[in-house]
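S.K.: Here's a structure for you.
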Amino acid sequence: MRPMLVADHQVSTSHAAAASAVAAASPFDTARMRQLGAAFFADHNPTPLTEPHWIAHDHPTARALDLPAGWAQDAAWLHTLSGNPGLPVQPMATVYSGHQFGVWAGQLGDGRAILLGERQGLEVQLKGAGPTPFSRRADGRAVLRSSVREFLASQAMRGLGIPSSSALCLIGSPTTVWREQAETAAVVTRVAPSFIRFGHFEHFSAKGDIESLQQLADFVITHHYPECLAADEPPYLALLRAVTQRSAQLVALWQSVGFCHGVLNTDNMSILGLTLDYGPFQFLDAFDPAHICNHSDTQGRYAFNRQPGVVYWNLFCLGQALLPLIDDHDATVAVLEAFKPAYARAFDLAMARKLGFSEADPSLTPLYTSALELLAAQRADLTLFWRRLSLRAGGSEDSAQRVQDLFVDPSAALVWLDTFDRAHAQLSALSQPISMLRTNPAVVLRNHLGELAIRAAQGGDFVPLAQLHRALDAPFDEPLAHPEFTALPPDWAQGIEISCSS
Ligand code: AMP
Ligand code: MG
């Protein structure tokens with residue numbers, strides 16, 4: 001019997017001809033993934049969208065992939081990225097398992113994501129390109145609404161400097177998809193150095209296929225964590241340590257900007273510490289630490305303030321899966337327990353930067369903690385508070401009043417502002433001050449902004465989507481042409497219900 005790891009507590013046109021033109025010019029490569037062997041994937045072609053049309057493009061991702069100039073106007077690329085077969089390489093879907101809402105869910109896998117292959121060391125997946133052997137009777141499709149959200153969220157994260165998969169483009173189609181009602185289908189082409197998840201490790205470990213588990217761990221170490229081979233501890237333990245550290249840093253960044261993922265199942269946890277699988281996520285408006293953004297999450301397992309604890313729990317699932325390779329229970333637990341100080345350090349640093357300092361300092365902890373308590377008590381807008389505070393620190397006219405305007409009872413805010421000013425005066429000599437305007441975004445992807453872009457796109461107008469995408473690319477700049485992107489959310493924003501349905 002393997003020992004069980006126990007977490008001690010929760011921490012707070014001619015389609016074929018067009019496609020082959022792309023293939024001849026720029027094939028994807030599946031050779032690296034194939035090294036893993038047949039147990040890891042099923043060869044599977046996408047199901048093409050009917051009458052595909054471009055909706056949006058992301059040129060930085062295209063540059064990272066070294067796509068040819070003009071790809072975004074090229075019908076051949078449109079057909080390839082909307083699932084039209086005809087590539088000389090065989091696309092594939094990978095198998096994984098996972099814990100969903102804290103319960104072992106068994107085999108899941110890429111049910112609607114198909115890997116075209118790699119390019120420039122990046123995996124390129126089509127999300128919503130039809131059923132795969134892992135679709136479990138679902139349709140393998142994604143609706144326009146959720147695809148717009150994934151496209152925009154990927155951009156929002158890059159703009160904020162938070163690790164994430166990226167989205168190359170969004171393609172729509174009149175193909176009907178049934179959710180609670182009839183909707184239209186879309187495909188997002190998403191890109192990451194790897195889409196391997198905790199759930200891939202859990203899959204082979206749960207089956208007792210230790211040979212495959214080891215092959216997977218060796219693959220991930222060789223291609224993504226080569227430093228683990230030179231560590232002064234066994235490589236599999238070093239891998240768990242590295243993933244633990246990256247995950248702690250990731251969730252600390254989420255908490256610092258008010259990002260709630262919504263479905264932090266272990267199959268949505270990237271082995272590279274990337275934000276992955278955008279579903280019912282939300283950037284908070286009014287600061288409610290216990291906010292639940294996923295309408296389907298009735299127990300609030302994935303509430304905003306539970307995210308660090310959930311990531312820690314998920315890391316225990318990964319540790320449990322790796323235990324047959326590490327074969328040292330105590331060392332495994334010690335590495336996992338290092339999540340807590342790593343998270344605290346990363347969050348301290350992120351909050352110090354929001355307060356205008358390049359480094360964390362113990363005196364800043366009560367300062368940001370009291371700010372968050374004040375924001376929570378008065379349900380003040382999180383993003384606007386930090387941004388207006390930054391404008392005030394920069395001496396911008398009226399900005400002191402504009403901070404107070406965010407509070408129902410401004411007197412408590414005035415007391416806090418006074419403490420902030422004194423702390424700044426004292427600390428500026430010790431820690432290098434940095435521009436708060438570069439650490440507190442003017443624009444985040446609020447639900448209602450996404451919703452407005454979705455409604456326009458559903459009506460065939462893709463301009464609002466492109467405008468928002470551009471603003472999210474430079475979230476620390478005031479979007480002068482779009483003051484609505486930096487305004488308080490309208491009342492109807494509170495009524496937006498986002499569920500797992502996508
Ligand atoms: P998610 O909650 O989106 O991360 O999805 C959980 C699992 O369900 C993954 O294995 C997905 O591939 C699968 N899945 C979600 N939606 C669909 C769909 N429409 N068709 C097929 N599989 C799906
Ligand atoms: Mg998923």
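In the structure tokens, chains take letters A, B, ... by order of appearance, with residues numbered from 1 within each chain and ligands from 1 in the order shown.
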Grab me every residue within 7 Å of ligand 2, counting only C-alpha atoms and all ligand atoms, and send it over as a list in words.
M.R.: Asp267, Asn268 and Asp277 of chain A
S.K.: Would you mind exporting the chosen residues as a PDB file, in the first residue's frame, restricted to C-alpha atoms?
M.R.:
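The new file selection_28.pdb reads:
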```
ATOM      1  CA  ASP A 267      -7.459  18.531 -14.760  1.00  0.00           C
ATOM      2  CA  ASN A 268      -7.384  22.311 -15.194  1.00  0.00           C
ATOM      3  CA  ASP A 277      -9.002  26.353 -19.325  1.00  0.00           C
TER       4      ASP A 277
END
```
S.K.: Can you pull out every residue from segment 220-468 of chain A that DSSP, working from the backbone, puts in alpha helix (DSSP H), and format the result as a ChimeraX atom specification?
M.R.: /A:220-224,235-257,307-326,329-337,339-354,364-378,382-393,399-404,410-427,447-458,463-468
S.K.: Could you give me, as a PyMOL selection string, every polymer residue with an atom at most 7 Å away from an atom of ligand 1, counting only C-alpha atoms and all ligand atoms?
M.R.: chain A and resi 108-113+131+134-136+138-142+263+267-268+277+279+500+502
S.K.: Could you write out that same residue set with all heavy atoms as a short mmCIF file (atom, residue, chain, number, x, y, z; two decimals), in the first residue's frame?
M.R.:
```
data_model
loop_
_atom_site.label_atom_id
_atom_site.label_comp_id
_atom_site.auth_asym_id
_atom_site.auth_seq_id
_atom_site.Cartn_x
_atom_site.Cartn_y
_atom_site.Cartn_z
N LEU A 108 -10.92 11.60 -18.07
CA LEU A 108 -11.54 12.75 -18.75
C LEU A 108 -10.88 12.86 -20.13
O LEU A 108 -11.30 12.21 -21.06
CB LEU A 108 -11.33 14.02 -17.92
CG LEU A 108 -11.89 13.97 -16.49
CD1 LEU A 108 -11.30 15.06 -15.62
CD2 LEU A 108 -13.40 14.06 -16.52
N GLY A 109 -9.83 13.63 -20.24
CA GLY A 109 -9.09 13.76 -21.51
C GLY A 109 -9.54 14.94 -22.34
O GLY A 109 -10.48 15.66 -21.97
N ASP A 110 -8.82 15.17 -23.43
CA ASP A 110 -9.15 16.29 -24.33
C ASP A 110 -10.48 15.97 -25.04
O ASP A 110 -10.50 15.37 -26.11
CB ASP A 110 -8.05 16.47 -25.39
CG ASP A 110 -6.73 16.95 -24.80
OD1 ASP A 110 -6.76 17.69 -23.81
OD2 ASP A 110 -5.68 16.58 -25.37
N GLY A 111 -11.57 16.39 -24.43
CA GLY A 111 -12.89 16.07 -24.98
C GLY A 111 -13.28 16.99 -26.12
O GLY A 111 -14.17 16.68 -26.91
N ARG A 112 -12.65 18.16 -26.16
CA ARG A 112 -12.98 19.10 -27.25
C ARG A 112 -11.77 19.93 -27.65
O ARG A 112 -11.92 20.99 -28.23
CB ARG A 112 -14.14 20.00 -26.87
CG ARG A 112 -13.94 20.77 -25.58
CD ARG A 112 -15.06 21.75 -25.43
NE ARG A 112 -15.03 22.37 -24.12
CZ ARG A 112 -15.81 23.37 -23.78
NH1 ARG A 112 -16.67 23.86 -24.65
NH2 ARG A 112 -15.76 23.88 -22.58
N ALA A 113 -10.60 19.44 -27.29
CA ALA A 113 -9.37 20.12 -27.70
C ALA A 113 -8.57 19.13 -28.53
O ALA A 113 -8.40 17.98 -28.13
CB ALA A 113 -8.58 20.56 -26.48
N PRO A 131 -15.95 16.28 -31.53
CA PRO A 131 -15.73 15.22 -30.55
C PRO A 131 -14.44 14.45 -30.77
O PRO A 131 -13.91 14.36 -31.88
CB PRO A 131 -16.95 14.30 -30.72
CG PRO A 131 -17.53 14.65 -32.04
CD PRO A 131 -17.13 16.05 -32.36
N PHE A 134 -12.38 11.12 -26.20
CA PHE A 134 -12.50 11.44 -24.77
C PHE A 134 -13.67 12.40 -24.50
O PHE A 134 -13.72 13.04 -23.44
CB PHE A 134 -11.18 12.05 -24.28
CG PHE A 134 -9.99 11.23 -24.65
CD1 PHE A 134 -9.04 11.71 -25.55
CD2 PHE A 134 -9.85 9.94 -24.16
CE1 PHE A 134 -7.95 10.94 -25.91
CE2 PHE A 134 -8.76 9.16 -24.52
CZ PHE A 134 -7.81 9.64 -25.41
N SER A 135 -14.61 12.49 -25.43
CA SER A 135 -15.69 13.47 -25.27
C SER A 135 -16.80 13.00 -24.33
O SER A 135 -17.64 13.81 -23.93
CB SER A 135 -16.30 13.82 -26.63
OG SER A 135 -15.34 14.43 -27.45
N ARG A 136 -16.81 11.74 -24.01
CA ARG A 136 -17.82 11.20 -23.07
C ARG A 136 -19.24 11.64 -23.45
O ARG A 136 -19.98 12.20 -22.67
CB ARG A 136 -17.49 11.62 -21.63
CG ARG A 136 -16.15 11.08 -21.15
CD ARG A 136 -15.75 11.63 -19.81
NE ARG A 136 -15.49 13.06 -19.86
CZ ARG A 136 -15.83 13.92 -18.92
NH1 ARG A 136 -16.43 13.50 -17.84
NH2 ARG A 136 -15.56 15.20 -19.06
N ALA A 138 -20.37 14.06 -25.04
CA ALA A 138 -20.60 15.49 -25.28
C ALA A 138 -20.20 15.81 -26.73
O ALA A 138 -19.63 14.96 -27.42
CB ALA A 138 -19.80 16.32 -24.29
N ASP A 139 -20.52 17.02 -27.18
CA ASP A 139 -20.43 17.30 -28.62
C ASP A 139 -19.04 17.74 -29.11
O ASP A 139 -18.83 17.89 -30.31
CB ASP A 139 -21.49 18.33 -29.03
CG ASP A 139 -21.32 19.65 -28.29
OD1 ASP A 139 -20.31 19.83 -27.59
OD2 ASP A 139 -22.23 20.51 -28.41
N GLY A 140 -18.13 18.00 -28.19
CA GLY A 140 -16.79 18.42 -28.61
C GLY A 140 -16.73 19.86 -29.10
O GLY A 140 -15.70 20.32 -29.58
N ARG A 141 -17.83 20.57 -28.97
CA ARG A 141 -17.89 21.95 -29.47
C ARG A 141 -17.78 22.96 -28.34
O ARG A 141 -17.93 22.63 -27.16
CB ARG A 141 -19.22 22.18 -30.21
CG ARG A 141 -19.31 21.44 -31.54
CD ARG A 141 -18.25 21.90 -32.50
NE ARG A 141 -18.40 21.31 -33.84
CZ ARG A 141 -17.44 21.33 -34.75
NH1 ARG A 141 -16.27 21.89 -34.50
NH2 ARG A 141 -17.64 20.78 -35.93
N ALA A 142 -17.56 24.20 -28.72
CA ALA A 142 -17.57 25.32 -27.78
C ALA A 142 -18.44 26.41 -28.41
O ALA A 142 -18.42 26.59 -29.63
CB ALA A 142 -16.15 25.84 -27.56
N VAL A 263 -13.13 27.06 -11.87
CA VAL A 263 -13.17 25.58 -11.92
C VAL A 263 -11.75 25.04 -11.72
O VAL A 263 -11.13 24.51 -12.64
CB VAL A 263 -13.71 25.02 -13.25
CG1 VAL A 263 -14.26 23.60 -13.02
CG2 VAL A 263 -14.77 25.89 -13.87
N ASP A 267 -7.65 18.64 -13.31
CA ASP A 267 -7.46 18.53 -14.76
C ASP A 267 -7.34 19.91 -15.41
O ASP A 267 -7.04 19.99 -16.61
CB ASP A 267 -8.60 17.72 -15.40
CG ASP A 267 -9.97 18.24 -15.03
OD1 ASP A 267 -10.31 18.19 -13.83
OD2 ASP A 267 -10.69 18.71 -15.92
N ASN A 268 -7.57 20.96 -14.66
CA ASN A 268 -7.38 22.31 -15.19
C ASN A 268 -6.12 22.97 -14.65
O ASN A 268 -5.91 24.17 -14.82
CB ASN A 268 -8.60 23.19 -14.87
CG ASN A 268 -9.83 22.75 -15.65
OD1 ASN A 268 -9.71 22.09 -16.68
ND2 ASN A 268 -11.01 23.09 -15.16
N ASP A 277 -7.58 26.74 -19.25
CA ASP A 277 -9.00 26.35 -19.33
C ASP A 277 -9.93 27.43 -18.75
O ASP A 277 -10.48 27.30 -17.66
CB ASP A 277 -9.25 25.01 -18.63
CG ASP A 277 -8.84 23.85 -19.50
OD1 ASP A 277 -8.12 24.08 -20.48
OD2 ASP A 277 -9.26 22.71 -19.24
N GLY A 279 -13.15 29.15 -18.19
CA GLY A 279 -14.58 28.83 -18.22
C GLY A 279 -15.36 29.95 -17.54
O GLY A 279 -15.41 31.07 -18.05
N CYS A 500 -20.76 26.53 -15.84
CA CYS A 500 -19.81 25.66 -16.55
C CYS A 500 -20.26 25.45 -17.99
O CYS A 500 -19.48 24.98 -18.82
CB CYS A 500 -19.70 24.31 -15.85
SG CYS A 500 -18.58 24.34 -14.44
N SER A 502 -20.57 25.73 -21.56
CA SER A 502 -19.76 26.49 -22.51
C SER A 502 -19.62 25.71 -23.82
O SER A 502 -18.82 26.02 -24.63
CB SER A 502 -18.38 26.77 -21.91
OG SER A 502 -17.72 25.56 -21.63
#
```
S.K.: For segment 409-412 of chain A, work out the shell of residues within 12 Å, counting only C-alpha atoms and skipping chain neighbours fewer than 4 positions away, then give it as number ranges by chain.
M.R.: A: 370-371, 373-375, 377-380, 400-405, 416-419
S.K.: Could you write those residues out with N, CA, C and O atoms, as a PDB file, in the first residue's frame?
M.R.:
```pdb
ATOM      1  N   SER A 370      -5.121  45.670   5.777  1.00  0.00           N
ATOM      2  CA  SER A 370      -6.185  46.586   6.215  1.00  0.00           C
ATOM      3  C   SER A 370      -6.901  47.195   5.010  1.00  0.00           C
ATOM      4  O   SER A 370      -8.115  47.431   5.050  1.00  0.00           O
ATOM      5  N   ALA A 371      -6.182  47.404   3.916  1.00  0.00           N
ATOM      6  CA  ALA A 371      -6.854  47.909   2.706  1.00  0.00           C
ATOM      7  C   ALA A 371      -7.862  46.890   2.205  1.00  0.00           C
ATOM      8  O   ALA A 371      -9.007  47.236   1.872  1.00  0.00           O
ATOM      9  N   GLU A 373      -9.340  44.568   3.912  1.00  0.00           N
ATOM     10  CA  GLU A 373     -10.454  44.463   4.866  1.00  0.00           C
ATOM     11  C   GLU A 373     -11.447  45.612   4.654  1.00  0.00           C
ATOM     12  O   GLU A 373     -12.660  45.418   4.684  1.00  0.00           O
ATOM     13  N   LEU A 374     -10.888  46.774   4.444  1.00  0.00           N
ATOM     14  CA  LEU A 374     -11.728  47.952   4.210  1.00  0.00           C
ATOM     15  C   LEU A 374     -12.540  47.804   2.914  1.00  0.00           C
ATOM     16  O   LEU A 374     -13.748  48.074   2.880  1.00  0.00           O
ATOM     17  N   LEU A 375     -11.866  47.340   1.883  1.00  0.00           N
ATOM     18  CA  LEU A 375     -12.560  47.134   0.599  1.00  0.00           C
ATOM     19  C   LEU A 375     -13.661  46.103   0.756  1.00  0.00           C
ATOM     20  O   LEU A 375     -14.769  46.261   0.229  1.00  0.00           O
ATOM     21  N   ALA A 377     -15.242  45.211   3.574  1.00  0.00           N
ATOM     22  CA  ALA A 377     -16.311  45.685   4.454  1.00  0.00           C
ATOM     23  C   ALA A 377     -17.279  46.596   3.709  1.00  0.00           C
ATOM     24  O   ALA A 377     -18.482  46.582   3.958  1.00  0.00           O
ATOM     25  N   GLN A 378     -16.762  47.377   2.784  1.00  0.00           N
ATOM     26  CA  GLN A 378     -17.619  48.341   2.087  1.00  0.00           C
ATOM     27  C   GLN A 378     -17.919  47.912   0.647  1.00  0.00           C
ATOM     28  O   GLN A 378     -18.519  48.671  -0.108  1.00  0.00           O
ATOM     29  N   ARG A 379     -17.478  46.710   0.298  1.00  0.00           N
ATOM     30  CA  ARG A 379     -17.694  46.192  -1.065  1.00  0.00           C
ATOM     31  C   ARG A 379     -17.291  47.239  -2.114  1.00  0.00           C
ATOM     32  O   ARG A 379     -18.008  47.490  -3.096  1.00  0.00           O
ATOM     33  N   ALA A 380     -16.112  47.838  -1.879  1.00  0.00           N
ATOM     34  CA  ALA A 380     -15.611  48.843  -2.832  1.00  0.00           C
ATOM     35  C   ALA A 380     -14.995  48.140  -4.037  1.00  0.00           C
ATOM     36  O   ALA A 380     -14.579  46.986  -3.959  1.00  0.00           O
ATOM     37  N   ALA A 400      -7.524  62.169  -4.969  1.00  0.00           N
ATOM     38  CA  ALA A 400      -7.756  61.822  -3.564  1.00  0.00           C
ATOM     39  C   ALA A 400      -9.254  61.659  -3.339  1.00  0.00           C
ATOM     40  O   ALA A 400      -9.711  60.685  -2.740  1.00  0.00           O
ATOM     41  N   GLN A 401     -10.032  62.619  -3.845  1.00  0.00           N
ATOM     42  CA  GLN A 401     -11.479  62.554  -3.708  1.00  0.00           C
ATOM     43  C   GLN A 401     -12.034  61.316  -4.423  1.00  0.00           C
ATOM     44  O   GLN A 401     -12.946  60.652  -3.932  1.00  0.00           O
ATOM     45  N   ARG A 402     -11.434  60.987  -5.557  1.00  0.00           N
ATOM     46  CA  ARG A 402     -11.960  59.866  -6.342  1.00  0.00           C
ATOM     47  C   ARG A 402     -11.708  58.526  -5.654  1.00  0.00           C
ATOM     48  O   ARG A 402     -12.447  57.581  -5.852  1.00  0.00           O
ATOM     49  N   VAL A 403     -10.688  58.446  -4.818  1.00  0.00           N
ATOM     50  CA  VAL A 403     -10.509  57.219  -4.018  1.00  0.00           C
ATOM     51  C   VAL A 403     -11.643  57.137  -3.004  1.00  0.00           C
ATOM     52  O   VAL A 403     -12.323  56.111  -2.888  1.00  0.00           O
ATOM     53  N   GLN A 404     -11.870  58.245  -2.295  1.00  0.00           N
ATOM     54  CA  GLN A 404     -12.921  58.246  -1.266  1.00  0.00           C
ATOM     55  C   GLN A 404     -14.299  57.952  -1.843  1.00  0.00           C
ATOM     56  O   GLN A 404     -15.132  57.321  -1.198  1.00  0.00           O
ATOM     57  N   ASP A 405     -14.531  58.414  -3.065  1.00  0.00           N
ATOM     58  CA  ASP A 405     -15.839  58.221  -3.707  1.00  0.00           C
ATOM     59  C   ASP A 405     -16.192  56.738  -3.875  1.00  0.00           C
ATOM     60  O   ASP A 405     -17.355  56.394  -4.098  1.00  0.00           O
ATOM     61  N   TRP A 416      -7.240  55.211   6.430  1.00  0.00           N
ATOM     62  CA  TRP A 416      -6.298  54.293   5.763  1.00  0.00           C
ATOM     63  C   TRP A 416      -5.337  55.079   4.851  1.00  0.00           C
ATOM     64  O   TRP A 416      -4.135  54.799   4.832  1.00  0.00           O
ATOM     65  N   LEU A 417      -5.858  56.051   4.144  1.00  0.00           N
ATOM     66  CA  LEU A 417      -5.010  56.838   3.234  1.00  0.00           C
ATOM     67  C   LEU A 417      -3.901  57.555   3.998  1.00  0.00           C
ATOM     68  O   LEU A 417      -2.768  57.672   3.527  1.00  0.00           O
ATOM     69  N   ASP A 418      -4.258  57.989   5.191  1.00  0.00           N
ATOM     70  CA  ASP A 418      -3.267  58.656   6.026  1.00  0.00           C
ATOM     71  C   ASP A 418      -2.149  57.669   6.404  1.00  0.00           C
ATOM     72  O   ASP A 418      -0.958  57.995   6.326  1.00  0.00           O
ATOM     73  N   THR A 419      -2.553  56.461   6.788  1.00  0.00           N
ATOM     74  CA  THR A 419      -1.567  55.417   7.122  1.00  0.00           C
ATOM     75  C   THR A 419      -0.696  55.109   5.909  1.00  0.00           C
ATOM     76  O   THR A 419       0.520  54.940   6.009  1.00  0.00           O
TER      77      THR A 419
END
```
S.K.: Enumerate as a PyMOL selection string all residues of segment 253-463 of chain A assigned to strand (DSSP E) by DSSP on the backbone, naming them with the chain letters and numbers the document uses.
M.R.: chain A and resi 259-260+282-283
S.K.: Taking only C-alpha atoms into account, produce a table as JSON lines in which each residue of segment 37-149 of chain A with an atom at most 12 Å from an atom of segment 299-310 of chain A appears once, together with its shortest atom pair and the distance in Å to one decimal, ordered by chain and rising number.
M.R.:
```
{"residue": "A:His99", "atom": "CA", "partner": "A:Val310", "partner_atom": "CA", "distance": 11.4}
{"residue": "A:Gln100", "atom": "CA", "partner": "A:Arg301", "partner_atom": "CA", "distance": 10.5}
{"residue": "A:Phe101", "atom": "CA", "partner": "A:Arg301", "partner_atom": "CA", "distance": 7.0}
{"residue": "A:Gly102", "atom": "CA", "partner": "A:Arg301", "partner_atom": "CA", "distance": 8.4}
{"residue": "A:Val103", "atom": "CA", "partner": "A:Arg301", "partner_atom": "CA", "distance": 11.6}
```
S.K.: Write out as an MDAnalysis selection string each polymer residue whose atoms come within 7 Å of segment 487-498 of chain A, counting only C-alpha atoms; drop sequence neighbours fewer than 2 positions from it.
M.R.: chainID A and resid 280 293:295 447:448 483:485
S.K.: Keeping only all heavy atoms, write those residues as a PDB file, in the first residue's frame.
M.R.:
```
ATOM      1  N   PRO A 280     -15.900  29.659 -16.354  1.00  0.00           N
ATOM      2  CA  PRO A 280     -16.720  30.680 -15.671  1.00  0.00           C
ATOM      3  C   PRO A 280     -15.883  31.649 -14.829  1.00  0.00           C
ATOM      4  O   PRO A 280     -16.337  32.106 -13.797  1.00  0.00           O
ATOM      5  CB  PRO A 280     -17.627  29.822 -14.788  1.00  0.00           C
ATOM      6  CG  PRO A 280     -16.874  28.566 -14.553  1.00  0.00           C
ATOM      7  CD  PRO A 280     -15.970  28.346 -15.720  1.00  0.00           C
ATOM      8  N   CYS A 293     -17.671  32.792  -8.544  1.00  0.00           N
ATOM      9  CA  CYS A 293     -17.993  33.282  -9.897  1.00  0.00           C
ATOM     10  C   CYS A 293     -18.698  32.229 -10.741  1.00  0.00           C
ATOM     11  O   CYS A 293     -19.347  32.558 -11.728  1.00  0.00           O
ATOM     12  CB  CYS A 293     -16.731  33.762 -10.607  1.00  0.00           C
ATOM     13  SG  CYS A 293     -15.494  32.485 -10.872  1.00  0.00           S
ATOM     14  N   ASN A 294     -18.591  30.960 -10.350  1.00  0.00           N
ATOM     15  CA  ASN A 294     -19.176  29.880 -11.145  1.00  0.00           C
ATOM     16  C   ASN A 294     -20.554  29.559 -10.591  1.00  0.00           C
ATOM     17  O   ASN A 294     -20.681  29.036  -9.477  1.00  0.00           O
ATOM     18  CB  ASN A 294     -18.235  28.663 -11.049  1.00  0.00           C
ATOM     19  CG  ASN A 294     -18.749  27.462 -11.804  1.00  0.00           C
ATOM     20  OD1 ASN A 294     -19.834  27.471 -12.366  1.00  0.00           O
ATOM     21  ND2 ASN A 294     -17.950  26.405 -11.807  1.00  0.00           N
ATOM     22  N   HIS A 295     -21.584  29.850 -11.363  1.00  0.00           N
ATOM     23  CA  HIS A 295     -22.966  29.645 -10.946  1.00  0.00           C
ATOM     24  C   HIS A 295     -23.237  28.177 -10.593  1.00  0.00           C
ATOM     25  O   HIS A 295     -24.148  27.869  -9.820  1.00  0.00           O
ATOM     26  CB  HIS A 295     -23.887  30.104 -12.082  1.00  0.00           C
ATOM     27  CG  HIS A 295     -25.302  30.299 -11.647  1.00  0.00           C
ATOM     28  ND1 HIS A 295     -25.662  31.224 -10.693  1.00  0.00           N
ATOM     29  CD2 HIS A 295     -26.435  29.676 -12.028  1.00  0.00           C
ATOM     30  CE1 HIS A 295     -26.966  31.164 -10.506  1.00  0.00           C
ATOM     31  NE2 HIS A 295     -27.465  30.236 -11.304  1.00  0.00           N
ATOM     32  N   ASN A 447     -16.631  41.152 -16.166  1.00  0.00           N
ATOM     33  CA  ASN A 447     -17.678  40.336 -16.806  1.00  0.00           C
ATOM     34  C   ASN A 447     -18.519  41.127 -17.798  1.00  0.00           C
ATOM     35  O   ASN A 447     -18.817  40.657 -18.891  1.00  0.00           O
ATOM     36  CB  ASN A 447     -18.601  39.747 -15.733  1.00  0.00           C
ATOM     37  CG  ASN A 447     -18.285  38.284 -15.464  1.00  0.00           C
ATOM     38  OD1 ASN A 447     -17.446  37.696 -16.146  1.00  0.00           O
ATOM     39  ND2 ASN A 447     -18.947  37.718 -14.485  1.00  0.00           N
ATOM     40  N   HIS A 448     -18.899  42.343 -17.405  1.00  0.00           N
ATOM     41  CA  HIS A 448     -19.821  43.085 -18.280  1.00  0.00           C
ATOM     42  C   HIS A 448     -19.116  43.551 -19.556  1.00  0.00           C
ATOM     43  O   HIS A 448     -19.757  43.660 -20.605  1.00  0.00           O
ATOM     44  CB  HIS A 448     -20.471  44.259 -17.535  1.00  0.00           C
ATOM     45  CG  HIS A 448     -19.601  45.459 -17.386  1.00  0.00           C
ATOM     46  ND1 HIS A 448     -18.635  45.571 -16.418  1.00  0.00           N
ATOM     47  CD2 HIS A 448     -19.540  46.611 -18.108  1.00  0.00           C
ATOM     48  CE1 HIS A 448     -18.023  46.732 -16.535  1.00  0.00           C
ATOM     49  NE2 HIS A 448     -18.556  47.383 -17.556  1.00  0.00           N
ATOM     50  N   PRO A 483     -13.206  55.319 -22.325  1.00  0.00           N
ATOM     51  CA  PRO A 483     -13.322  55.499 -20.877  1.00  0.00           C
ATOM     52  C   PRO A 483     -14.261  54.479 -20.238  1.00  0.00           C
ATOM     53  O   PRO A 483     -14.137  54.185 -19.045  1.00  0.00           O
ATOM     54  CB  PRO A 483     -13.864  56.932 -20.746  1.00  0.00           C
ATOM     55  CG  PRO A 483     -14.351  57.310 -22.095  1.00  0.00           C
ATOM     56  CD  PRO A 483     -13.588  56.501 -23.087  1.00  0.00           C
ATOM     57  N   GLU A 484     -15.168  53.905 -21.037  1.00  0.00           N
ATOM     58  CA  GLU A 484     -16.100  52.920 -20.472  1.00  0.00           C
ATOM     59  C   GLU A 484     -15.381  51.667 -19.976  1.00  0.00           C
ATOM     60  O   GLU A 484     -15.907  50.944 -19.129  1.00  0.00           O
ATOM     61  CB  GLU A 484     -17.201  52.558 -21.498  1.00  0.00           C
ATOM     62  CG  GLU A 484     -16.763  51.694 -22.686  1.00  0.00           C
ATOM     63  CD  GLU A 484     -16.102  52.481 -23.829  1.00  0.00           C
ATOM     64  OE1 GLU A 484     -15.694  53.642 -23.611  1.00  0.00           O
ATOM     65  OE2 GLU A 484     -15.983  51.910 -24.932  1.00  0.00           O
ATOM     66  N   PHE A 485     -14.174  51.407 -20.476  1.00  0.00           N
ATOM     67  CA  PHE A 485     -13.429  50.223 -20.017  1.00  0.00           C
ATOM     68  C   PHE A 485     -12.908  50.402 -18.587  1.00  0.00           C
ATOM     69  O   PHE A 485     -12.505  49.431 -17.944  1.00  0.00           O
ATOM     70  CB  PHE A 485     -12.230  49.923 -20.934  1.00  0.00           C
ATOM     71  CG  PHE A 485     -12.606  49.466 -22.323  1.00  0.00           C
ATOM     72  CD1 PHE A 485     -11.646  49.437 -23.327  1.00  0.00           C
ATOM     73  CD2 PHE A 485     -13.899  49.055 -22.624  1.00  0.00           C
ATOM     74  CE1 PHE A 485     -11.968  49.007 -24.614  1.00  0.00           C
ATOM     75  CE2 PHE A 485     -14.244  48.632 -23.910  1.00  0.00           C
ATOM     76  CZ  PHE A 485     -13.275  48.607 -24.912  1.00  0.00           C
TER      77      PHE A 485
END
```
